[in-house]
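Below is one structure, written out as structure tokens, with a few remarks after it.
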Amino acid sequence: MLGNLKTAMLGLSLLLFAAIAYGDAVSSLWDQGKAALDAQLLKSTTCTKDKLLVRREWGDLSAADRKAYIKAVLCVTSRPSTLDQTKYPGAKTRYDDFVAVHINQTMTIHGTGNFLSWHRYYTWAYEQVLRNECGYNGTQPYWDWGRWAANPETSPIFDGTDTSMSGNGEKITHQSFMAPAGNGGGCITSGPFKNMTVNLGPISPAISPAPPTNPQRDGFGYNPRCLRRDISNYLSSRYTRTEDIVNLIKNSKDIASFQNTMQAAGVAMGVHASGHFTIAGDPAGDFFVSPGDPAFYLHHAMIDRTWTIWQAQDLQKRLQVISGGRSMMGAGGVAALTDEVNLYSLADKKWKISELVSITDGPFCYTYA
Ligand SMILES: [Cu+2]
């Protein structure tokens, strides 16, 4: 009798769990591609199902999981830099090392053939450092833009609580360059990262008043300042709704249209720029220095998830494909799958783009919930 009751209650709680688990039209596209991803995993020589790390949406993490992630990020910001201090005097912490490597390669990793694979490897390398250098057992969470598009400021990612990635900046009179000024613009004042110091840059600040100028022209000088944000729903409610993500995935028939639509920064803004400029401020709105805001990695994990879902809709035709040049300005010619991706001190190995296209091959062994 008691056993039956227990079974019934377990069944009920499973039902309840199923009912509250978040799902939308984008996760339906994931489900449609899942069999192909599972088959790809079976073919992998390096990754197996029992080793897979599962990345989850911030809103689906428990408070304890969020705190563990935050603790690991704070740990990376407190460990010393491993970079050459004569060349990178502004890189004080291990966290800054990531920012410096992104600054260094900015012109050859955006609007290029390696954009997606480079940022996949970079986000993975960050996740590895959290785990290997800061004792983190979890995975890199992602920011599902569509889920919070109506009001990112009140999302669990940016609500300013101690389980968030900190909140908006203090409201100041300012101009943001990519959207009308929102309710912030100043230093963030709440949440776990309110005392975080941004050390590198700026290089292309997208907010006025601008942050103080870096003592070195290359942006690698020491320029300690607060983290500023101007979170608003202006871009998210127009360009990163669930329907926008679905349209991006469904309407992009080849890799060129997928990544061009994703990276568009013109009249219609793609999800990539919209995500960055939904956070805005300094350094999130700075094309070169944007990884200096710790929310960067949640954004780029979602870029990566979106790419994976697009791939999975026709996996075998969409894995070994790239499009674009080797630099933003066209120098260097057309990118090739055999081009190497080098993260220098952030990861110990160089990989070819062709080895970075599957989330269960090359260095990778993860999936998305
Ligand atoms: Cu980037």
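To be explicit about the labels: the chains of the structure tokens are called A, B, and onward in the order shown, and within each one the residues are counted from 1, while ligands get numbers from 1 in the order they are shown.
Taking stretch 10-108 of chain A and asking which residues DSSP calls strand (DSSP E or B) on the backbone, you get Leu53, Val54, Arg55, Glu57, Pro80 and Thr93 of chain A.
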Keeping N, CA and C atoms, export the residues of the selection given above as a PDB file, in the first residue's frame.
ATOM      1  N   LEU A  53      29.719  16.164 -21.118  1.00  0.00           N
ATOM      2  CA  LEU A  53      29.320  17.215 -20.190  1.00  0.00           C
ATOM      3  C   LEU A  53      28.079  17.896 -20.765  1.00  0.00           C
ATOM      4  N   VAL A  54      27.104  18.163 -19.902  1.00  0.00           N
ATOM      5  CA  VAL A  54      25.842  18.724 -20.381  1.00  0.00           C
ATOM      6  C   VAL A  54      25.729  20.188 -19.960  1.00  0.00           C
ATOM      7  N   ARG A  55      25.695  21.068 -20.947  1.00  0.00           N
ATOM      8  CA  ARG A  55      25.532  22.497 -20.663  1.00  0.00           C
ATOM      9  C   ARG A  55      24.046  22.842 -20.538  1.00  0.00           C
ATOM     10  N   GLU A  57      20.822  25.840 -19.489  1.00  0.00           N
ATOM     11  CA  GLU A  57      20.430  27.245 -19.484  1.00  0.00           C
ATOM     12  C   GLU A  57      20.483  27.771 -18.052  1.00  0.00           C
ATOM     13  N   PRO A  80      46.654  34.561 -10.894  1.00  0.00           N
ATOM     14  CA  PRO A  80      47.559  35.431 -11.660  1.00  0.00           C
ATOM     15  C   PRO A  80      47.588  35.107 -13.155  1.00  0.00           C
ATOM     16  N   THR A  93      45.206  39.039 -14.316  1.00  0.00           N
ATOM     17  CA  THR A  93      44.617  37.784 -13.828  1.00  0.00           C
ATOM     18  C   THR A  93      44.492  36.763 -14.960  1.00  0.00           C
TER      19      THR A  93
END
Taking the chain letters and numbering used in this document, name the residues of stretch 170-366 of chain A that DSSP puts in alpha helix (DSSP H), as a ChimeraX atom specification. /A:236-239,242-251,255-263,271-279,296-312,315-318
Could you take the residues named above and write them with C-alpha atoms, as a CSV table (one decimal), in the first residue's frame?
chain,number,residue,atom,x,y,z
A,236,SER,CA,16.3,41.6,-27.5
A,237,SER,CA,12.6,42.2,-28.0
A,238,ARG,CA,13.2,42.9,-31.7
A,239,TYR,CA,16.0,40.5,-32.7
A,242,THR,CA,12.6,32.7,-29.9
A,243,GLU,CA,11.0,33.2,-33.3
A,244,ASP,CA,14.1,35.1,-34.5
A,245,ILE,CA,16.3,32.1,-33.4
A,246,VAL,CA,14.0,29.7,-35.1
A,247,ASN,CA,14.0,31.8,-38.3
A,248,LEU,CA,17.8,31.9,-38.3
A,249,ILE,CA,18.0,28.2,-38.0
A,250,LYS,CA,15.3,27.3,-40.4
A,251,ASN,CA,15.9,29.9,-43.1
A,255,ILE,CA,26.8,28.1,-43.6
A,256,ALA,CA,27.3,31.4,-45.4
A,257,SER,CA,23.7,32.6,-44.9
A,258,PHE,CA,23.7,31.1,-41.3
A,259,GLN,CA,26.7,33.0,-40.1
A,260,ASN,CA,26.0,36.2,-42.0
A,261,THR,CA,22.5,36.4,-40.7
A,262,MET,CA,23.8,35.6,-37.2
A,263,GLN,CA,26.5,38.2,-37.3
A,271,VAL,CA,21.5,37.4,-32.6
A,272,HIS,CA,25.3,37.8,-32.1
A,273,ALA,CA,25.5,41.5,-32.1
A,274,SER,CA,22.1,41.8,-30.4
A,275,GLY,CA,23.2,39.7,-27.5
A,276,HIS,CA,26.4,41.7,-27.0
A,277,PHE,CA,24.6,45.1,-27.2
A,278,THR,CA,21.7,43.9,-25.0
A,279,ILE,CA,24.3,43.9,-22.2
A,296,PHE,CA,30.2,37.0,-22.5
A,297,TYR,CA,30.6,33.2,-22.1
A,298,LEU,CA,26.9,32.6,-21.5
A,299,HIS,CA,26.2,34.5,-24.7
A,300,HIS,CA,28.7,32.6,-26.7
A,301,ALA,CA,27.6,29.3,-25.3
A,302,MET,CA,24.2,30.1,-26.8
A,303,ILE,CA,25.8,31.1,-30.1
A,304,ASP,CA,27.4,27.7,-30.0
A,305,ARG,CA,24.2,25.9,-29.1
A,306,THR,CA,22.4,27.7,-32.0
A,307,TRP,CA,25.2,26.6,-34.4
A,308,THR,CA,24.9,23.0,-33.1
A,309,ILE,CA,21.1,23.0,-33.7
A,310,TRP,CA,21.5,24.4,-37.2
A,311,GLN,CA,24.2,21.7,-37.9
A,312,ALA,CA,22.0,19.0,-36.5
A,315,LEU,CA,24.3,17.1,-39.8
A,316,GLN,CA,26.4,15.3,-42.4
A,317,LYS,CA,26.1,18.2,-44.9
A,318,ARG,CA,26.6,20.9,-42.3
Within 12 Å of ligand 1, which residues of chain A show up? Give each one with its shortest atom-to-atom distance in Å (one decimal) and the two atoms involved, counting only C-alpha atoms and all ligand atoms, rows by chain then rising residue number, as CSV.
residue,atom,partner,partner_atom_place_in_ligand_line,distance
A:Phe98,CA,ligand 1,1 (Cu),10.8
A:Val99,CA,ligand 1,1 (Cu),9.7
A:Ala100,CA,ligand 1,1 (Cu),11.5
A:Val101,CA,ligand 1,1 (Cu),10.1
A:His102,CA,ligand 1,1 (Cu),6.5
A:Ile103,CA,ligand 1,1 (Cu),8.5
A:Asn104,CA,ligand 1,1 (Cu),10.7
A:Gln105,CA,ligand 1,1 (Cu),8.7
A:Thr106,CA,ligand 1,1 (Cu),6.5
A:Met107,CA,ligand 1,1 (Cu),9.3
A:Thr108,CA,ligand 1,1 (Cu),9.7
A:Ile109,CA,ligand 1,1 (Cu),6.7
A:His110,CA,ligand 1,1 (Cu),6.3
A:Gly111,CA,ligand 1,1 (Cu),9.7
A:Thr112,CA,ligand 1,1 (Cu),10.9
A:Asn114,CA,ligand 1,1 (Cu),10.8
A:Phe115,CA,ligand 1,1 (Cu),7.7
A:Leu116,CA,ligand 1,1 (Cu),9.3
A:Ser117,CA,ligand 1,1 (Cu),11.0
A:Trp118,CA,ligand 1,1 (Cu),8.5
A:His119,CA,ligand 1,1 (Cu),6.5
A:Arg120,CA,ligand 1,1 (Cu),10.2
A:Tyr121,CA,ligand 1,1 (Cu),11.4
A:Tyr122,CA,ligand 1,1 (Cu),9.1
A:Thr123,CA,ligand 1,1 (Cu),10.0
A:Gln263,CA,ligand 1,1 (Cu),10.7
A:His272,CA,ligand 1,1 (Cu),9.5
A:Ala273,CA,ligand 1,1 (Cu),10.1
A:Gly275,CA,ligand 1,1 (Cu),11.9
A:His276,CA,ligand 1,1 (Cu),9.8
A:Ala284,CA,ligand 1,1 (Cu),10.6
A:Gly285,CA,ligand 1,1 (Cu),11.2
A:Asp286,CA,ligand 1,1 (Cu),9.9
A:Phe287,CA,ligand 1,1 (Cu),7.1
A:Phe288,CA,ligand 1,1 (Cu),7.1
A:Val289,CA,ligand 1,1 (Cu),8.5
A:Ser290,CA,ligand 1,1 (Cu),7.2
A:Pro291,CA,ligand 1,1 (Cu),7.5
A:Gly292,CA,ligand 1,1 (Cu),11.0
A:Phe296,CA,ligand 1,1 (Cu),9.0
A:Tyr297,CA,ligand 1,1 (Cu),10.1
A:His299,CA,ligand 1,1 (Cu),10.5
A:His300,CA,ligand 1,1 (Cu),8.4
A:Ala301,CA,ligand 1,1 (Cu),11.8
A:Ile303,CA,ligand 1,1 (Cu),10.8
Grab the atom CA of A:Glu127 to atom CA of A:Gln140 distance for me, in Å with one decimal place.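 Between atom CA of A:Glu127 and atom CA of A:Gln140 the gap is 5.6 Å.
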Residue nearest A:Ala35 - candidates A:Thr48, A:Asn183, A:Ala268, A:Asp314, atoms counted: only C-alpha atoms: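 Looking at the shortest contact to A:Ala35, the residue is A:Asp314.
Here atom CA of A:Asn137 stands at a distance of 27.4 Å from atom CA of A:Gly33.
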Find the distance between atom CA of A:His174 and atom CA of A:Tyr234 and write it in Å to one decimal.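 Atom-to-atom, atom CA of A:His174 to atom CA of A:Tyr234, that is 15.7 Å.
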Which residue is closest to A:Arg217? Choose from A:Tyr22, A:Trp30, A:Tyr69, A:Tyr88 and count only C-alpha atoms.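 Result for the nearest residue to A:Arg217: A:Tyr88.
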Could you list, as a PyMOL selection string, every residue within 8 Å of stretch 349-359 of chain A, counting only C-alpha atoms and ignoring same-chain residues fewer than 5 positions away? chain A and resi 114+117-118+120-121+308+319-320+336-343+364-367
Selection from above, N, CA and C atoms, as a CSV table (one decimal), in the first residue's frame, can you write it?
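What follows is the written file out.csv:
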chain,number,residue,atom,x,y,z
A,114,ASN,N,36.5,31.3,-39.6
A,114,ASN,CA,36.7,30.6,-38.4
A,114,ASN,C,35.9,31.1,-37.2
A,117,SER,N,34.0,28.3,-35.2
A,117,SER,CA,34.9,27.3,-34.6
A,117,SER,C,35.8,27.9,-33.6
A,118,TRP,N,36.3,29.1,-33.9
A,118,TRP,CA,37.2,29.8,-32.9
A,118,TRP,C,36.5,30.1,-31.6
A,120,ARG,N,33.9,28.6,-30.4
A,120,ARG,CA,33.5,27.4,-29.8
A,120,ARG,C,34.7,26.9,-28.9
A,121,TYR,N,35.9,26.9,-29.6
A,121,TYR,CA,37.1,26.4,-28.9
A,121,TYR,C,37.4,27.4,-27.7
A,308,THR,N,25.0,24.5,-33.2
A,308,THR,CA,24.9,23.0,-33.1
A,308,THR,C,23.5,22.6,-33.6
A,319,LEU,N,28.5,19.7,-41.2
A,319,LEU,CA,29.6,19.7,-40.3
A,319,LEU,C,30.9,20.3,-40.9
A,320,GLN,N,31.3,19.7,-42.0
A,320,GLN,CA,32.6,20.1,-42.6
A,320,GLN,C,32.4,21.2,-43.7
A,336,ALA,N,40.2,28.1,-44.9
A,336,ALA,CA,40.1,26.7,-45.3
A,336,ALA,C,39.9,25.9,-44.0
A,337,LEU,N,39.3,24.7,-44.2
A,337,LEU,CA,39.0,23.8,-43.1
A,337,LEU,C,40.3,23.3,-42.4
A,338,THR,N,41.4,23.4,-43.2
A,338,THR,CA,42.7,23.0,-42.6
A,338,THR,C,43.4,24.1,-41.9
A,339,ASP,N,42.8,25.3,-41.8
A,339,ASP,CA,43.4,26.4,-41.1
A,339,ASP,C,43.5,26.0,-39.6
A,340,GLU,N,44.6,26.5,-38.9
A,340,GLU,CA,44.7,26.2,-37.5
A,340,GLU,C,44.1,27.2,-36.6
A,341,VAL,N,43.5,26.8,-35.5
A,341,VAL,CA,43.0,27.7,-34.5
A,341,VAL,C,44.0,27.6,-33.3
A,342,ASN,N,44.5,28.8,-32.9
A,342,ASN,CA,45.5,28.8,-31.9
A,342,ASN,C,45.1,29.7,-30.7
A,343,LEU,N,44.9,29.2,-29.5
A,343,LEU,CA,44.6,30.0,-28.4
A,343,LEU,C,45.7,30.3,-27.5
A,364,PHE,N,36.4,18.2,-28.0
A,364,PHE,CA,35.1,18.4,-27.3
A,364,PHE,C,34.4,17.1,-27.0
A,365,CYS,N,33.7,17.2,-25.9
A,365,CYS,CA,32.8,16.1,-25.5
A,365,CYS,C,31.7,16.7,-24.6
A,366,TYR,N,30.8,17.4,-25.2
A,366,TYR,CA,29.7,18.0,-24.5
A,366,TYR,C,28.5,18.0,-25.3
A,367,THR,N,27.4,18.4,-24.6
A,367,THR,CA,26.1,18.5,-25.3
A,367,THR,C,25.3,19.6,-24.6
Nearest-residue call for A:Leu74, choices A:Asp24, A:Gly266, A:Pro294, A:Gly169, using only C-alpha atoms: A:Pro294
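Compared by their closest atoms to A:Ala206, and using only C-alpha atoms, the residues A:Val267, A:Cys75, A:Ala280, A:Ala347 rank with A:Ala280 nearest.
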